[in-house]
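Listing of my_file.tsv; format and content: TSV, C-alpha atoms.
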```tsv
chain	number	residue	atom	x	y	z
Q	1	MET	CA	0.00	0.00	0.00
Q	2	LEU	CA	2.87	2.32	0.81
Q	3	GLU	CA	4.57	1.61	-2.52
Q	4	GLN	CA	1.31	2.36	-4.38
Q	5	GLN	CA	1.02	5.71	-2.61
Q	6	GLN	CA	4.61	6.61	-3.57
Q	7	VAL	CA	3.91	5.78	-7.22
Q	8	ILE	CA	0.80	7.99	-7.18
Q	9	GLU	CA	2.76	10.88	-5.69
Q	10	GLN	CA	5.49	10.50	-8.31
Q	11	LEU	CA	2.92	10.47	-11.12
Q	12	GLN	CA	1.22	13.56	-9.70
Q	13	ALA	CA	4.57	15.38	-9.54
Q	14	GLN	CA	5.30	14.48	-13.16
Q	15	LEU	CA	1.83	15.64	-14.17
Q	16	GLU	CA	2.32	19.03	-12.53
Q	17	LYS	CA	5.70	19.36	-14.25
Q	18	LEU	CA	4.19	18.63	-17.66
Q	19	ARG	CA	1.39	21.13	-17.02
Q	20	ALA	CA	3.96	23.80	-16.18
Q	21	GLN	CA	5.88	23.07	-19.40
Q	22	LEU	CA	2.73	23.44	-21.48
Q	23	LYS	CA	2.24	26.96	-20.11
Q	24	LEU	CA	5.71	28.07	-21.24
Q	25	ASP	CA	5.89	30.32	-24.27
Q	26	SER	CA	8.09	33.13	-25.60
Q	27	GLU	CA	6.85	35.49	-22.89
Q	28	THR	CA	7.44	33.19	-19.91
Q	29	SER	CA	10.64	31.44	-21.05
Q	30	SER	CA	13.60	31.72	-23.43
Q	31	LYS	CA	11.67	30.04	-26.24
Q	32	PRO	CA	11.51	31.98	-29.55
Q	33	PRO	CA	8.14	33.44	-30.59
Q	34	SER	CA	7.88	30.93	-33.46
Q	35	SER	CA	7.62	28.08	-30.93
Q	36	ASN	CA	4.41	29.41	-29.42
Q	37	LEU	CA	1.41	27.18	-29.83
Q	38	LEU	CA	-1.72	28.65	-31.34
Q	39	LYS	CA	-4.16	28.54	-28.44
Q	40	LYS	CA	-7.78	29.35	-29.16
Q	41	PRO	CA	-10.58	29.38	-26.60
Q	42	GLU	CA	-13.36	26.86	-27.13
Q	43	THR	CA	-16.00	29.56	-26.76
Q	44	ARG	CA	-15.99	33.01	-28.25
Q	45	PRO	CA	-15.55	35.76	-25.62
Q	46	GLU	CA	-18.56	37.98	-25.22
Q	47	ALA	CA	-17.93	41.57	-26.26
Q	48	SER	CA	-20.05	44.49	-25.16
Q	49	THR	CA	-22.16	46.32	-27.71
Q	50	GLU	CA	-20.33	49.55	-26.94
Q	51	ALA	CA	-16.91	47.97	-27.60
Q	52	GLU	CA	-18.10	46.52	-30.92
Q	53	GLY	CA	-19.44	49.90	-31.95
Q	54	ASN	CA	-16.11	51.59	-31.23
Q	55	LYS	CA	-14.06	48.90	-32.99
Q	56	ARG	CA	-11.93	50.27	-35.84
Q	57	LYS	CA	-13.02	48.92	-39.20
Q	58	PRO	CA	-10.43	47.76	-41.79
Q	59	GLY	CA	-9.52	50.03	-44.69
Q	60	GLY	CA	-9.54	53.80	-45.01
Q	61	GLN	CA	-11.24	55.66	-42.19
Q	62	PRO	CA	-13.83	58.44	-42.67
Q	63	GLY	CA	-12.07	61.66	-43.73
Q	64	HIS	CA	-8.92	59.82	-44.85
Q	65	ARG	CA	-7.38	61.23	-48.04
Q	66	GLY	CA	-6.73	58.29	-50.36
Q	67	LYS	CA	-3.50	57.79	-52.29
Q	68	THR	CA	-4.64	55.76	-55.31
Q	69	ARG	CA	-7.21	58.38	-56.28
Q	70	LYS	CA	-4.37	60.84	-56.88
Q	71	GLY	CA	-3.28	58.84	-59.94
Q	72	PHE	CA	-0.33	56.58	-60.69
Q	73	GLY	CA	2.17	59.15	-61.95
Q	74	ARG	CA	1.92	58.08	-65.60
Q	75	VAL	CA	-0.61	57.35	-68.34
Q	76	ASP	CA	0.30	54.62	-70.84
Q	77	ARG	CA	-2.77	54.98	-73.04
Q	78	CYS	CA	-5.61	57.47	-73.28
Q	79	GLU	CA	-9.00	56.23	-74.45
Q	80	ILE	CA	-11.69	58.78	-75.39
Q	81	LEU	CA	-15.26	57.67	-74.69
Q	82	ARG	CA	-18.01	59.41	-76.64
Q	83	PRO	CA	-21.76	58.81	-76.36
Q	84	GLN	CA	-23.10	56.54	-79.11
Q	85	GLN	CA	-26.80	57.40	-79.14
Q	86	CYS	CA	-28.97	60.15	-77.63
Q	87	GLN	CA	-31.28	58.68	-75.00
Q	88	VAL	CA	-33.90	61.40	-75.70
Q	89	CYS	CA	-34.32	61.48	-79.49
Q	90	GLY	CA	-32.23	58.51	-80.60
Q	91	SER	CA	-29.89	60.59	-82.76
Q	92	LEU	CA	-26.43	59.21	-83.53
Q	93	SER	CA	-24.84	62.62	-84.20
Q	94	PHE	CA	-23.15	64.73	-81.51
Q	95	ALA	CA	-21.23	68.03	-81.48
Q	96	GLU	CA	-17.47	67.68	-81.98
Q	97	GLU	CA	-16.50	69.58	-78.79
Q	98	PRO	CA	-17.61	67.97	-75.50
Q	99	VAL	CA	-19.61	69.94	-72.95
Q	100	ARG	CA	-17.77	68.34	-70.04
Q	101	VAL	CA	-15.01	65.71	-69.61
Q	102	GLN	CA	-14.83	63.32	-66.66
Q	103	THR	CA	-11.42	61.71	-66.13
Q	104	GLN	CA	-10.59	58.47	-64.29
Q	105	GLN	CA	-7.27	56.60	-64.27
Q	106	VAL	CA	-7.54	52.81	-63.95
Q	107	ALA	CA	-4.65	50.31	-63.70
Q	108	GLN	CA	-5.53	47.40	-65.99
Q	109	LEU	CA	-4.10	43.93	-66.45
Q	110	VAL	CA	-3.63	43.65	-70.23
Q	111	ALA	CA	-4.50	40.54	-72.20
Q	112	ASN	CA	-0.93	39.39	-72.93
Q	113	PRO	CA	1.45	40.87	-70.35
Q	114	ILE	CA	4.22	38.44	-71.38
Q	115	GLU	CA	5.47	39.00	-74.92
Q	116	VAL	CA	7.61	36.41	-76.73
Q	117	VAL	CA	10.07	38.23	-79.01
Q	118	GLU	CA	12.40	36.58	-81.53
Q	119	TYR	CA	15.51	38.70	-82.04
Q	120	GLN	CA	17.29	38.10	-85.34
Q	121	ARG	CA	20.78	39.42	-84.80
Q	122	GLN	CA	22.27	40.29	-88.17
Q	123	ARG	CA	25.88	40.51	-89.25
Q	124	CYS	CA	26.31	42.96	-92.14
Q	125	GLN	CA	29.13	44.20	-94.34
Q	126	CYS	CA	30.04	47.87	-94.18
Q	127	ALA	CA	29.28	49.54	-97.52
Q	128	HIS	CA	32.21	51.91	-97.02
Q	129	CYS	CA	35.16	49.79	-95.85
Q	130	GLY	CA	33.85	46.27	-96.41
Q	131	GLN	CA	34.29	45.10	-92.80
Q	132	GLU	CA	31.60	42.94	-91.24
Q	133	GLN	CA	29.77	44.20	-88.17
Q	134	THR	CA	27.37	42.30	-85.87
Q	135	ALA	CA	24.45	44.08	-84.22
Q	136	ASP	CA	24.43	44.44	-80.43
Q	137	TRP	CA	21.89	42.58	-78.32
Q	138	PRO	CA	19.35	44.91	-76.63
Q	139	SER	CA	19.90	45.66	-72.94
Q	140	SER	CA	16.56	44.06	-72.05
Q	141	ILE	CA	17.89	40.54	-72.68
Q	142	VAL	CA	20.81	38.38	-71.59
Q	143	PRO	CA	22.49	36.42	-74.40
Q	144	ALA	CA	21.77	32.66	-74.32
Q	145	GLN	CA	19.02	33.11	-71.69
Q	146	ASP	CA	15.38	32.45	-72.52
Q	147	LEU	CA	13.89	35.00	-70.09
Q	148	GLY	CA	14.19	38.76	-70.41
Q	149	VAL	CA	15.67	40.90	-67.66
Q	150	SER	CA	12.31	42.26	-66.45
Q	151	LEU	CA	10.70	38.80	-66.32
Q	152	GLN	CA	13.68	37.36	-64.44
Q	153	ALA	CA	13.48	40.20	-61.92
Q	154	MET	CA	9.76	39.59	-61.35
Q	155	LEU	CA	10.25	35.84	-60.79
Q	156	VAL	CA	13.08	36.44	-58.33
Q	157	TRP	CA	10.87	38.92	-56.46
Q	158	LEU	CA	8.02	36.39	-56.33
Q	159	GLY	CA	10.32	33.65	-55.06
Q	160	ASN	CA	12.34	35.53	-52.46
Q	161	LEU	CA	10.07	38.31	-51.25
Q	162	GLY	CA	6.73	36.72	-52.12
Q	163	HIS	CA	7.84	33.21	-50.97
Q	164	LEU	CA	6.26	31.63	-54.06
Q	165	PRO	CA	7.62	28.12	-54.78
Q	166	TYR	CA	9.06	27.28	-58.18
Q	167	GLU	CA	6.00	25.15	-59.04
Q	168	LYS	CA	3.67	28.08	-58.30
Q	169	GLN	CA	5.89	30.38	-60.37
Q	170	GLN	CA	5.50	27.97	-63.28
Q	171	GLU	CA	1.71	28.09	-62.92
Q	172	PHE	CA	1.77	31.90	-62.61
Q	173	VAL	CA	3.74	32.36	-65.84
Q	174	GLN	CA	1.56	29.81	-67.63
Q	175	GLU	CA	-1.62	31.65	-66.61
Q	176	LEU	CA	-0.15	35.10	-67.26
Q	177	GLY	CA	1.52	34.54	-70.62
Q	178	GLY	CA	0.70	31.03	-71.80
Q	179	ILE	CA	4.33	29.85	-71.79
Q	180	SER	CA	6.03	26.99	-69.96
Q	181	ILE	CA	9.23	27.48	-67.95
Q	182	GLY	CA	11.28	24.57	-66.58
Q	183	LEU	CA	12.28	24.24	-62.93
Q	184	GLY	CA	15.94	24.27	-63.97
Q	185	THR	CA	15.46	27.66	-65.65
Q	186	LEU	CA	13.88	29.12	-62.51
Q	187	GLN	CA	16.64	27.72	-60.28
Q	188	ALA	CA	19.37	29.04	-62.58
Q	189	THR	CA	17.66	32.46	-62.72
Q	190	ASN	CA	17.53	32.68	-58.94
Q	191	SER	CA	21.17	31.58	-58.66
Q	192	ARG	CA	22.33	34.18	-61.20
Q	193	MET	CA	20.47	36.90	-59.34
Q	194	ALA	CA	22.07	35.83	-56.06
Q	195	ASP	CA	25.51	36.10	-57.66
Q	196	ALA	CA	24.64	39.51	-59.13
Q	197	VAL	CA	23.66	41.04	-55.77
Q	198	GLU	CA	26.41	39.39	-53.70
Q	199	GLN	CA	28.85	42.31	-53.97
Q	200	PRO	CA	26.42	45.11	-53.04
Q	201	VAL	CA	25.03	42.99	-50.18
Q	202	ASN	CA	28.54	42.45	-48.79
Q	203	GLN	CA	29.15	46.18	-49.05
Q	204	LEU	CA	25.97	46.76	-47.05
Q	205	TRP	CA	27.22	44.32	-44.37
Q	206	ASP	CA	30.48	46.28	-44.12
Q	207	TRP	CA	28.50	49.50	-43.78
Q	208	ALA	CA	26.17	48.00	-41.14
Q	209	VAL	CA	29.14	47.16	-38.89
Q	210	GLU	CA	29.95	50.87	-38.61
Q	211	GLN	CA	26.42	51.92	-37.59
Q	212	PRO	CA	25.93	53.07	-33.96
Q	213	HIS	CA	22.60	51.25	-33.47
Q	214	VAL	CA	21.84	47.84	-34.96
Q	215	HIS	CA	19.02	45.48	-33.96
Q	216	VAL	CA	19.78	41.74	-34.09
Q	217	ASP	CA	17.45	38.78	-33.66
Q	218	GLU	CA	17.14	35.18	-34.77
Q	219	THR	CA	14.38	32.64	-35.35
Q	220	PRO	CA	14.23	28.91	-36.24
Q	221	TRP	CA	14.15	28.27	-39.96
Q	222	PRO	CA	13.41	24.72	-41.22
Q	223	VAL	CA	15.37	23.81	-44.35
Q	224	LYS	CA	14.43	20.46	-45.93
Q	225	GLY	CA	13.31	19.18	-42.53
Q	226	VAL	CA	16.48	20.33	-40.74
Q	227	LYS	CA	16.25	23.03	-38.07
Q	228	GLU	CA	18.47	25.96	-38.93
Q	229	TRP	CA	18.43	29.63	-37.91
Q	230	LEU	CA	17.69	32.84	-39.75
Q	231	TRP	CA	19.37	35.93	-38.31
Q	232	VAL	CA	18.14	39.45	-39.02
Q	233	VAL	CA	20.27	42.57	-38.68
Q	234	ALA	CA	18.27	45.76	-39.05
Q	235	GLY	CA	18.67	49.48	-38.56
Q	236	ASN	CA	17.56	52.76	-40.03
Q	237	LEU	CA	16.65	52.17	-43.71
Q	238	PHE	CA	18.29	48.72	-43.99
Q	239	CYS	CA	17.58	45.07	-43.17
Q	240	LEU	CA	19.96	42.13	-43.72
Q	241	PHE	CA	19.45	38.39	-43.30
Q	242	HIS	CA	21.98	35.69	-42.45
Q	243	ALA	CA	21.22	31.96	-42.68
Q	244	ALA	CA	23.17	29.93	-40.09
Q	245	ASP	CA	23.38	26.47	-38.56
Q	246	THR	CA	23.24	27.71	-34.95
Q	247	ARG	CA	21.92	30.57	-32.82
Q	248	SER	CA	25.21	31.05	-30.98
Q	249	ARG	CA	27.04	34.36	-30.61
Q	250	ALA	CA	29.70	33.08	-32.99
Q	251	GLU	CA	27.27	33.57	-35.90
Q	252	LEU	CA	26.80	37.19	-34.86
Q	253	GLU	CA	30.52	37.82	-34.47
Q	254	GLN	CA	31.15	36.32	-37.89
Q	255	ARG	CA	29.08	39.05	-39.51
Q	256	LEU	CA	29.40	42.05	-37.20
Q	257	GLY	CA	32.71	41.41	-35.45
Q	258	GLU	CA	33.56	40.65	-31.82
Q	259	SER	CA	32.94	44.18	-30.54
Q	260	VAL	CA	29.16	44.03	-30.92
```

For this file, produce the structure as structure tokens.
Amino acid sequence: MLEQQQVIEQLQAQLEKLRAQLKLDSETSSKPPSSNLLKKPETRPEASTEAEGNKRKPGGQPGHRGKTRKGFGRVDRCEILRPQQCQVCGSLSFAEEPVRVQTQQVAQLVANPIEVVEYQRQRCQCAHCGQEQTADWPSSIVPAQDLGVSLQAMLVWLGNLGHLPYEKQQEFVQELGGISIGLGTLQATNSRMADAVEQPVNQLWDWAVEQPHVHVDETPWPVKGVKEWLWVVAGNLFCLFHAADTRSRAELEQRLGESV
């Protein structure tokens, strides 16, 4: 009987310990915010009618001066709309000069935003000296690459800032322009862009080290099922990221030096 009582006491102690661990989160322990569990109450809390009436609604508030209504800073095409038939007498003839003009700028998604262009680069003989000269490629393309500079930039933006997987990028381009792009092309495009920005990013790291105030934080970052860490270094008008295997101070010293 005594042994049974001891077992019960041990189990109760373990139960209390487990309950205490379940209550730990980023606010009550050293756990990162990403480890917090999403806890929702089983019943919706009752809110007073007065509180619901004072609740701020999403979107622009009454009296707010909108930004989009001011225009987009450019007009690509102007379309003049004239009345077709008089609703009073049915006449189809109208005076040449309008009585009043109402203007509205609208950003439209055109039918074929992706254009496939075949460049035929010619090599010609000079009529004066007889030497042969080859035309230059336009700056909007990269020789031997199937995607133009602007399209590559958009895909890299979608993948890195928009977090859109390669498969979704393929679907996006197919829906937008009716063309198919291979996964290898998307991977190579992203890799080339990473190489292109490496030098300016390193220069920004060197500049960040000299700043008087820099905020640093880290969060878990799963990569192919392996737990890694994503460091962020931010300050006034800049934000840098550093992927690392650990969350130790050594990762921070590697980028910002030992005097941080």

Checklist entry - Hey, which of Q:Glu251, Q:Glu118, Q:Glu175, Q:Glu210 ends up closest to Leu230 (chain Q)? Count all atoms listed in the file. => result Q:Glu251

Checklist entry - Neighbours of Arg249 (chain Q) within 12 Å (all atoms listed in the file; same-chain residues fewer than 4 positions away dropped), as a ChimeraX atom specification? => result /Q:216-218,231,244-245,253-260

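With all atoms listed in the file as the atoms that count, the minimum distance from Pro165 (chain Q) to the choices Q:Asn202, Q:Ser248, Q:Thr103, Q:Gln187 is reached by Q:Gln187.
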
Item to check | Atomic separation - CA of Met193 (chain Q) relative to CA of Lys227 (chain Q), Å | outcome: 25.7 Å

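Here CA of Asn190 (chain Q) is placed at a distance of 22.0 Å from CA of Val226 (chain Q).
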
Output file: region 121-135 of chain Q, all heavy atoms, as an mmCIF file, in the first residue's frame:
```cif
data_model
loop_
_atom_site.group_PDB
_atom_site.id
_atom_site.type_symbol
_atom_site.label_atom_id
_atom_site.label_comp_id
_atom_site.auth_asym_id
_atom_site.auth_seq_id
_atom_site.Cartn_x
_atom_site.Cartn_y
_atom_site.Cartn_z
ATOM 1 N N ARG Q 121 19.565 38.607 -84.852
ATOM 2 C CA ARG Q 121 20.782 39.418 -84.801
ATOM 3 C C ARG Q 121 21.558 39.275 -86.110
ATOM 4 O O ARG Q 121 22.062 38.200 -86.424
ATOM 5 C CB ARG Q 121 21.621 38.962 -83.605
ATOM 6 C CG ARG Q 121 22.802 39.848 -83.279
ATOM 7 C CD ARG Q 121 23.588 39.209 -82.162
ATOM 8 N NE ARG Q 121 24.687 40.050 -81.712
ATOM 9 C CZ ARG Q 121 25.770 39.579 -81.106
ATOM 10 N NH1 ARG Q 121 25.908 38.284 -80.902
ATOM 11 N NH2 ARG Q 121 26.715 40.391 -80.710
ATOM 12 N N GLN Q 122 21.654 40.335 -86.841
ATOM 13 C CA GLN Q 122 22.267 40.285 -88.173
ATOM 14 C C GLN Q 122 23.730 40.727 -88.138
ATOM 15 O O GLN Q 122 24.116 41.572 -87.330
ATOM 16 C CB GLN Q 122 21.486 41.165 -89.147
ATOM 17 C CG GLN Q 122 20.071 40.685 -89.397
ATOM 18 C CD GLN Q 122 19.367 41.505 -90.456
ATOM 19 O OE1 GLN Q 122 19.875 42.538 -90.922
ATOM 20 N NE2 GLN Q 122 18.198 41.046 -90.876
ATOM 21 N N ARG Q 123 24.491 40.118 -89.016
ATOM 22 C CA ARG Q 123 25.882 40.515 -89.254
ATOM 23 C C ARG Q 123 25.965 41.041 -90.682
ATOM 24 O O ARG Q 123 25.661 40.319 -91.641
ATOM 25 C CB ARG Q 123 26.827 39.338 -89.057
ATOM 26 C CG ARG Q 123 28.308 39.713 -89.184
ATOM 27 C CD ARG Q 123 29.210 38.530 -88.859
ATOM 28 N NE ARG Q 123 30.614 38.886 -88.976
ATOM 29 C CZ ARG Q 123 31.338 39.466 -88.018
ATOM 30 N NH1 ARG Q 123 30.763 39.755 -86.854
ATOM 31 N NH2 ARG Q 123 32.613 39.751 -88.199
ATOM 32 N N CYS Q 124 26.342 42.300 -90.821
ATOM 33 C CA CYS Q 124 26.310 42.960 -92.136
ATOM 34 C C CYS Q 124 27.699 43.485 -92.515
ATOM 35 O O CYS Q 124 28.561 43.689 -91.658
ATOM 36 C CB CYS Q 124 25.304 44.108 -92.133
ATOM 37 S SG CYS Q 124 23.621 43.600 -91.702
ATOM 38 N N GLN Q 125 27.863 43.676 -93.809
ATOM 39 C CA GLN Q 125 29.127 44.200 -94.335
ATOM 40 C C GLN Q 125 29.011 45.707 -94.542
ATOM 41 O O GLN Q 125 28.026 46.205 -95.081
ATOM 42 C CB GLN Q 125 29.471 43.527 -95.661
ATOM 43 C CG GLN Q 125 30.845 43.853 -96.188
ATOM 44 C CD GLN Q 125 31.138 43.115 -97.482
ATOM 45 O OE1 GLN Q 125 30.292 43.045 -98.381
ATOM 46 N NE2 GLN Q 125 32.328 42.537 -97.587
ATOM 47 N N CYS Q 126 30.022 46.417 -94.051
ATOM 48 C CA CYS Q 126 30.039 47.873 -94.184
ATOM 49 C C CYS Q 126 30.163 48.256 -95.659
ATOM 50 O O CYS Q 126 31.062 47.760 -96.367
ATOM 51 C CB CYS Q 126 31.187 48.465 -93.379
ATOM 52 S SG CYS Q 126 31.349 50.270 -93.538
ATOM 53 N N ALA Q 127 29.254 49.123 -96.112
ATOM 54 C CA ALA Q 127 29.281 49.537 -97.521
ATOM 55 C C ALA Q 127 30.458 50.439 -97.824
ATOM 56 O O ALA Q 127 30.820 50.621 -98.997
ATOM 57 C CB ALA Q 127 27.970 50.252 -97.851
ATOM 58 N N HIS Q 128 31.112 50.986 -96.783
ATOM 59 C CA HIS Q 128 32.212 51.915 -97.022
ATOM 60 C C HIS Q 128 33.565 51.212 -97.028
ATOM 61 O O HIS Q 128 34.360 51.367 -97.959
ATOM 62 C CB HIS Q 128 32.193 53.009 -95.957
ATOM 63 C CG HIS Q 128 33.311 54.007 -96.087
ATOM 64 N ND1 HIS Q 128 33.368 54.911 -97.141
ATOM 65 C CD2 HIS Q 128 34.420 54.246 -95.327
ATOM 66 C CE1 HIS Q 128 34.452 55.645 -97.007
ATOM 67 N NE2 HIS Q 128 35.107 55.259 -95.917
ATOM 68 N N CYS Q 129 33.840 50.425 -95.960
ATOM 69 C CA CYS Q 129 35.159 49.786 -95.853
ATOM 70 C C CYS Q 129 35.128 48.285 -96.091
ATOM 71 O O CYS Q 129 36.179 47.649 -96.175
ATOM 72 C CB CYS Q 129 35.775 50.087 -94.487
ATOM 73 S SG CYS Q 129 34.888 49.329 -93.102
ATOM 74 N N GLY Q 130 33.933 47.687 -96.122
ATOM 75 C CA GLY Q 130 33.851 46.270 -96.406
ATOM 76 C C GLY Q 130 33.948 45.370 -95.189
ATOM 77 O O GLY Q 130 33.799 44.147 -95.312
ATOM 78 N N GLN Q 131 34.209 45.908 -94.015
ATOM 79 C CA GLN Q 131 34.292 45.102 -92.800
ATOM 80 C C GLN Q 131 32.892 44.648 -92.355
ATOM 81 O O GLN Q 131 31.903 45.351 -92.545
ATOM 82 C CB GLN Q 131 34.956 45.900 -91.677
ATOM 83 C CG GLN Q 131 36.427 46.196 -91.926
ATOM 84 C CD GLN Q 131 37.271 44.928 -91.920
ATOM 85 O OE1 GLN Q 131 37.053 44.028 -91.126
ATOM 86 N NE2 GLN Q 131 38.229 44.856 -92.827
ATOM 87 N N GLU Q 132 32.865 43.477 -91.737
ATOM 88 C CA GLU Q 132 31.601 42.939 -91.238
ATOM 89 C C GLU Q 132 31.355 43.396 -89.794
ATOM 90 O O GLU Q 132 32.296 43.467 -88.997
ATOM 91 C CB GLU Q 132 31.591 41.414 -91.300
ATOM 92 C CG GLU Q 132 31.633 40.878 -92.729
ATOM 93 C CD GLU Q 132 31.553 39.368 -92.754
ATOM 94 O OE1 GLU Q 132 31.562 38.763 -91.652
ATOM 95 O OE2 GLU Q 132 31.480 38.799 -93.861
ATOM 96 N N GLN Q 133 30.129 43.709 -89.499
ATOM 97 C CA GLN Q 133 29.769 44.201 -88.171
ATOM 98 C C GLN Q 133 28.499 43.483 -87.696
ATOM 99 O O GLN Q 133 27.530 43.369 -88.453
ATOM 100 C CB GLN Q 133 29.520 45.713 -88.192
ATOM 101 C CG GLN Q 133 29.142 46.307 -86.849
ATOM 102 C CD GLN Q 133 30.324 46.270 -85.878
ATOM 103 O OE1 GLN Q 133 31.451 46.555 -86.267
ATOM 104 N NE2 GLN Q 133 30.052 45.926 -84.625
ATOM 105 N N THR Q 134 28.536 42.983 -86.447
ATOM 106 C CA THR Q 134 27.373 42.299 -85.866
ATOM 107 C C THR Q 134 26.609 43.251 -84.955
ATOM 108 O O THR Q 134 27.208 44.005 -84.178
ATOM 109 C CB THR Q 134 27.813 41.062 -85.060
ATOM 110 O OG1 THR Q 134 28.572 40.202 -85.909
ATOM 111 C CG2 THR Q 134 26.599 40.302 -84.530
ATOM 112 N N ALA Q 135 25.293 43.217 -85.045
ATOM 113 C CA ALA Q 135 24.448 44.079 -84.221
ATOM 114 C C ALA Q 135 24.567 43.700 -82.742
ATOM 115 O O ALA Q 135 24.826 42.536 -82.398
ATOM 116 C CB ALA Q 135 22.998 43.970 -84.667
#
```
